[in-house]
Amino acid sequence: MRIKFALVVLAGFLSQFLIRASAGEAPAEEYRVKGAFLLNFAKFVEWPPQAFKGPDDPIGICVLGESPFNPALEAAARAIVVEKRSLVIRQIPDVQQGRQCQILFVSVAERKRVRGMLEAVSGSSVLTVGESDGFIAAGGIVEFRVDDGKVKMEINAPAAVRAGLHISAKLLSLAQAGKK
């Protein structure tokens, strides 16, 4: 039942990936799609064992600063289990706390803290995800952008390797398709 609910919620989120949002709906729809990607990254990224304190630790999806996501993201995360690990959404105020996350999202509102955040998590196995221009160039791993009303992403594969992460070919191909 939990898995069915999660799949229905994720299917609803991901369906928005292919639909161009109208001007009035863009922010909510945009963050619904980005939220769905964050949840699905847990399925398509492998972390080394040392990225967790123990075998039962959840996959932490952290949002630096004020969250642009609505509570539906937390509800969807509670319904998902990946490789016996639950997902948990945390809002963190400090870049130093980013090392305790497996996925760290940095919104455009936090763009001034990007370099400090990337330095703070350097050497740890954190999938860094941002939405400000130049996030990849600064050393981030995944950069979201909106082109023609659609959320697309770019992946910095060498940065992922340096972080000890393995990104599935499926996710890499989706990012490649997003570049076109």
# chains A, B, ... in the order shown; residues from 1 in each chain; ligands from 1
$ residues_around --residues "stretch 50-53 of chain A" --least-positions-apart "6" --cutoff "9 Å" --atoms "only C-alpha atoms" --output "JSON, numbers by chain"
{"A": [59, 100, 101, 102, 124, 125, 126]}
$ residues_around --residues "A:Val95" --least-positions-apart "6" --cutoff "9 Å" --atoms "only C-alpha atoms" --output "VMD selection string"
chain A and resid 64 to 65 113 to 114 116 to 118 120 to 121
$ write_last_selection --atoms "N, CA and C atoms" --output "PDB file, in the first residue's frame"
ATOM      1  N   LEU A  64      18.966  23.548   2.134  1.00  0.00           N
ATOM      2  CA  LEU A  64      19.684  24.621   2.807  1.00  0.00           C
ATOM      3  C   LEU A  64      18.837  25.881   2.804  1.00  0.00           C
ATOM      4  N   GLY A  65      18.644  26.451   3.991  1.00  0.00           N
ATOM      5  CA  GLY A  65      17.868  27.683   4.103  1.00  0.00           C
ATOM      6  C   GLY A  65      16.376  27.426   4.019  1.00  0.00           C
ATOM      7  N   ARG A 113      25.545  31.509  -0.846  1.00  0.00           N
ATOM      8  CA  ARG A 113      26.219  30.559   0.040  1.00  0.00           C
ATOM      9  C   ARG A 113      26.698  29.299  -0.692  1.00  0.00           C
ATOM     10  N   VAL A 114      26.554  29.271  -2.020  1.00  0.00           N
ATOM     11  CA  VAL A 114      26.907  28.071  -2.782  1.00  0.00           C
ATOM     12  C   VAL A 114      28.370  27.691  -2.591  1.00  0.00           C
ATOM     13  N   GLY A 116      30.543  28.429  -0.276  1.00  0.00           N
ATOM     14  CA  GLY A 116      30.795  27.995   1.102  1.00  0.00           C
ATOM     15  C   GLY A 116      30.212  26.625   1.381  1.00  0.00           C
ATOM     16  N   MET A 117      29.025  26.367   0.832  1.00  0.00           N
ATOM     17  CA  MET A 117      28.389  25.064   1.013  1.00  0.00           C
ATOM     18  C   MET A 117      29.211  23.980   0.335  1.00  0.00           C
ATOM     19  N   LEU A 118      29.645  24.248  -0.892  1.00  0.00           N
ATOM     20  CA  LEU A 118      30.436  23.251  -1.620  1.00  0.00           C
ATOM     21  C   LEU A 118      31.760  22.973  -0.906  1.00  0.00           C
ATOM     22  N   ALA A 120      32.179  23.269   2.345  1.00  0.00           N
ATOM     23  CA  ALA A 120      31.836  22.581   3.590  1.00  0.00           C
ATOM     24  C   ALA A 120      31.605  21.089   3.380  1.00  0.00           C
ATOM     25  N   VAL A 121      31.069  20.694   2.232  1.00  0.00           N
ATOM     26  CA  VAL A 121      30.797  19.273   1.994  1.00  0.00           C
ATOM     27  C   VAL A 121      31.893  18.585   1.173  1.00  0.00           C
TER      28      VAL A 121
END
$ select_by_dssp --residues "chain A" --states "strand (DSSP E or B)" --output "VMD selection string"
chain A and resid 45 to 46 59 to 64 81 to 82 85 to 92 103 to 106 127 to 130 142 to 147 150 to 155 166 to 167
$ write_last_selection --atoms "N, CA and C atoms" --output "CSV table (one decimal), in the first residue's frame"
chain,number,residue,atom,x,y,z
A,45,VAL,N,21.1,6.9,-7.4
A,45,VAL,CA,22.5,7.2,-7.0
A,45,VAL,C,22.9,6.2,-5.9
A,46,GLU,N,24.1,5.7,-5.9
A,46,GLU,CA,24.6,4.8,-4.9
A,46,GLU,C,25.7,5.6,-4.1
A,59,ILE,N,18.1,7.9,4.2
A,59,ILE,CA,18.7,8.8,3.2
A,59,ILE,C,18.2,10.2,3.5
A,60,GLY,N,19.1,11.1,3.9
A,60,GLY,CA,18.7,12.4,4.2
A,60,GLY,C,18.7,13.4,3.0
A,61,ILE,N,17.6,13.9,2.7
A,61,ILE,CA,17.5,15.0,1.7
A,61,ILE,C,17.3,16.3,2.4
A,62,CYS,N,18.4,17.1,2.3
A,62,CYS,CA,18.4,18.3,3.1
A,62,CYS,C,18.2,19.5,2.2
A,63,VAL,N,17.5,20.5,2.7
A,63,VAL,CA,17.3,21.8,2.0
A,63,VAL,C,18.0,22.9,2.8
A,64,LEU,N,19.0,23.5,2.1
A,64,LEU,CA,19.7,24.6,2.8
A,64,LEU,C,18.8,25.9,2.8
A,81,VAL,N,10.8,3.8,0.4
A,81,VAL,CA,12.0,3.1,0.9
A,81,VAL,C,12.9,2.7,-0.2
A,82,VAL,N,14.2,2.9,-0.1
A,82,VAL,CA,15.1,2.6,-1.1
A,82,VAL,C,16.2,1.7,-0.5
A,85,ARG,N,16.2,1.6,3.1
A,85,ARG,CA,16.4,2.9,3.8
A,85,ARG,C,15.2,3.8,3.5
A,86,SER,N,14.7,4.4,4.6
A,86,SER,CA,13.6,5.4,4.4
A,86,SER,C,14.2,6.7,3.9
A,87,LEU,N,13.4,7.6,3.5
A,87,LEU,CA,13.8,9.0,3.1
A,87,LEU,C,13.3,9.9,4.1
A,88,VAL,N,14.2,10.9,4.4
A,88,VAL,CA,13.7,12.0,5.4
A,88,VAL,C,14.2,13.3,4.8
A,89,ILE,N,13.2,14.3,4.9
A,89,ILE,CA,13.5,15.6,4.4
A,89,ILE,C,13.8,16.5,5.6
A,90,ARG,N,14.9,17.2,5.5
A,90,ARG,CA,15.4,18.1,6.6
A,90,ARG,C,15.7,19.5,6.1
A,91,GLN,N,15.3,20.5,6.8
A,91,GLN,CA,15.7,21.9,6.4
A,91,GLN,C,16.8,22.2,7.4
A,92,ILE,N,17.9,22.7,6.7
A,92,ILE,CA,19.1,23.0,7.6
A,92,ILE,C,19.5,24.5,7.4
A,103,ILE,N,21.7,13.9,0.1
A,103,ILE,CA,21.3,14.8,-0.9
A,103,ILE,C,21.1,16.2,-0.3
A,104,LEU,N,21.8,17.2,-0.9
A,104,LEU,CA,21.7,18.6,-0.4
A,104,LEU,C,21.2,19.5,-1.5
A,105,PHE,N,20.0,20.1,-1.3
A,105,PHE,CA,19.5,21.0,-2.3
A,105,PHE,C,19.7,22.5,-1.8
A,106,VAL,N,20.2,23.3,-2.8
A,106,VAL,CA,20.5,24.7,-2.5
A,106,VAL,C,19.7,25.5,-3.4
A,127,LEU,N,25.4,14.3,-2.5
A,127,LEU,CA,24.9,14.7,-3.8
A,127,LEU,C,24.4,16.2,-3.7
A,128,THR,N,25.2,17.1,-4.3
A,128,THR,CA,24.8,18.5,-4.2
A,128,THR,C,24.0,18.8,-5.4
A,129,VAL,N,22.8,19.5,-5.1
A,129,VAL,CA,21.9,19.9,-6.1
A,129,VAL,C,21.5,21.3,-6.0
A,130,GLY,N,21.7,22.1,-7.1
A,130,GLY,CA,21.4,23.5,-7.0
A,130,GLY,C,20.6,24.0,-8.2
A,142,VAL,N,24.6,18.4,-9.5
A,142,VAL,CA,23.4,18.5,-10.3
A,142,VAL,C,22.9,19.9,-10.3
A,143,GLU,N,22.6,20.4,-11.5
A,143,GLU,CA,22.1,21.8,-11.6
A,143,GLU,C,20.7,21.7,-12.4
A,144,PHE,N,19.7,22.2,-11.7
A,144,PHE,CA,18.4,22.3,-12.3
A,144,PHE,C,18.3,23.7,-13.1
A,145,ARG,N,17.6,23.6,-14.2
A,145,ARG,CA,17.3,24.9,-14.9
A,145,ARG,C,15.9,24.7,-15.5
A,146,VAL,N,15.3,25.8,-15.8
A,146,VAL,CA,14.0,25.8,-16.5
A,146,VAL,C,14.2,26.4,-17.9
A,147,ASP,N,14.0,25.5,-18.9
A,147,ASP,CA,14.1,25.9,-20.3
A,147,ASP,C,12.7,25.7,-21.0
A,150,LYS,N,10.1,24.0,-19.0
A,150,LYS,CA,10.3,22.6,-18.5
A,150,LYS,C,11.6,22.5,-17.6
A,151,VAL,N,11.5,21.8,-16.6
A,151,VAL,CA,12.6,21.6,-15.7
A,151,VAL,C,13.5,20.6,-16.3
A,152,LYS,N,14.8,21.0,-16.4
A,152,LYS,CA,15.8,20.1,-17.0
A,152,LYS,C,17.0,20.1,-16.0
A,153,MET,N,17.9,19.2,-16.2
A,153,MET,CA,19.0,19.1,-15.3
A,153,MET,C,20.3,18.8,-16.0
A,154,GLU,N,21.4,19.2,-15.4
A,154,GLU,CA,22.7,18.9,-15.9
A,154,GLU,C,23.5,18.2,-14.8
A,155,ILE,N,24.3,17.2,-15.1
A,155,ILE,CA,25.0,16.5,-14.1
A,155,ILE,C,26.5,16.6,-14.4
A,166,HIS,N,28.0,6.9,-7.2
A,166,HIS,CA,27.8,6.3,-8.5
A,166,HIS,C,26.4,6.7,-9.0
A,167,ILE,N,26.3,7.4,-10.1
A,167,ILE,CA,25.0,7.8,-10.7
A,167,ILE,C,24.7,6.8,-11.8
$ residues_around --residues "A:Arg115" --least-positions-apart "4" --cutoff "9 Å" --atoms "only C-alpha atoms" --output "ChimeraX atom specification"
/A:111,119-120,135,138-139
$ write_last_selection --atoms "N, CA and C atoms" --output "CSV table (one decimal), in the first residue's frame"
chain,number,residue,atom,x,y,z
A,111,ARG,N,22.0,31.3,-3.3
A,111,ARG,CA,23.1,31.3,-4.2
A,111,ARG,C,24.3,31.9,-3.7
A,119,GLU,N,32.4,24.0,-0.3
A,119,GLU,CA,33.6,23.8,0.4
A,119,GLU,C,33.3,23.0,1.7
A,120,ALA,N,32.2,23.3,2.3
A,120,ALA,CA,31.8,22.6,3.6
A,120,ALA,C,31.6,21.1,3.4
A,135,PHE,N,26.0,26.7,-10.9
A,135,PHE,CA,26.2,25.7,-9.8
A,135,PHE,C,27.2,24.6,-10.2
A,138,ALA,N,30.7,25.8,-10.3
A,138,ALA,CA,31.3,26.0,-9.0
A,138,ALA,C,31.7,24.7,-8.4
A,139,GLY,N,31.3,23.6,-9.0
A,139,GLY,CA,31.7,22.3,-8.4
A,139,GLY,C,30.5,21.4,-7.9
$ closest_residue --among "A:Val108, A:Glu83, A:Gln176, A:Arg32" --to "A:Trp47" --atoms "only C-alpha atoms"
A:Glu83
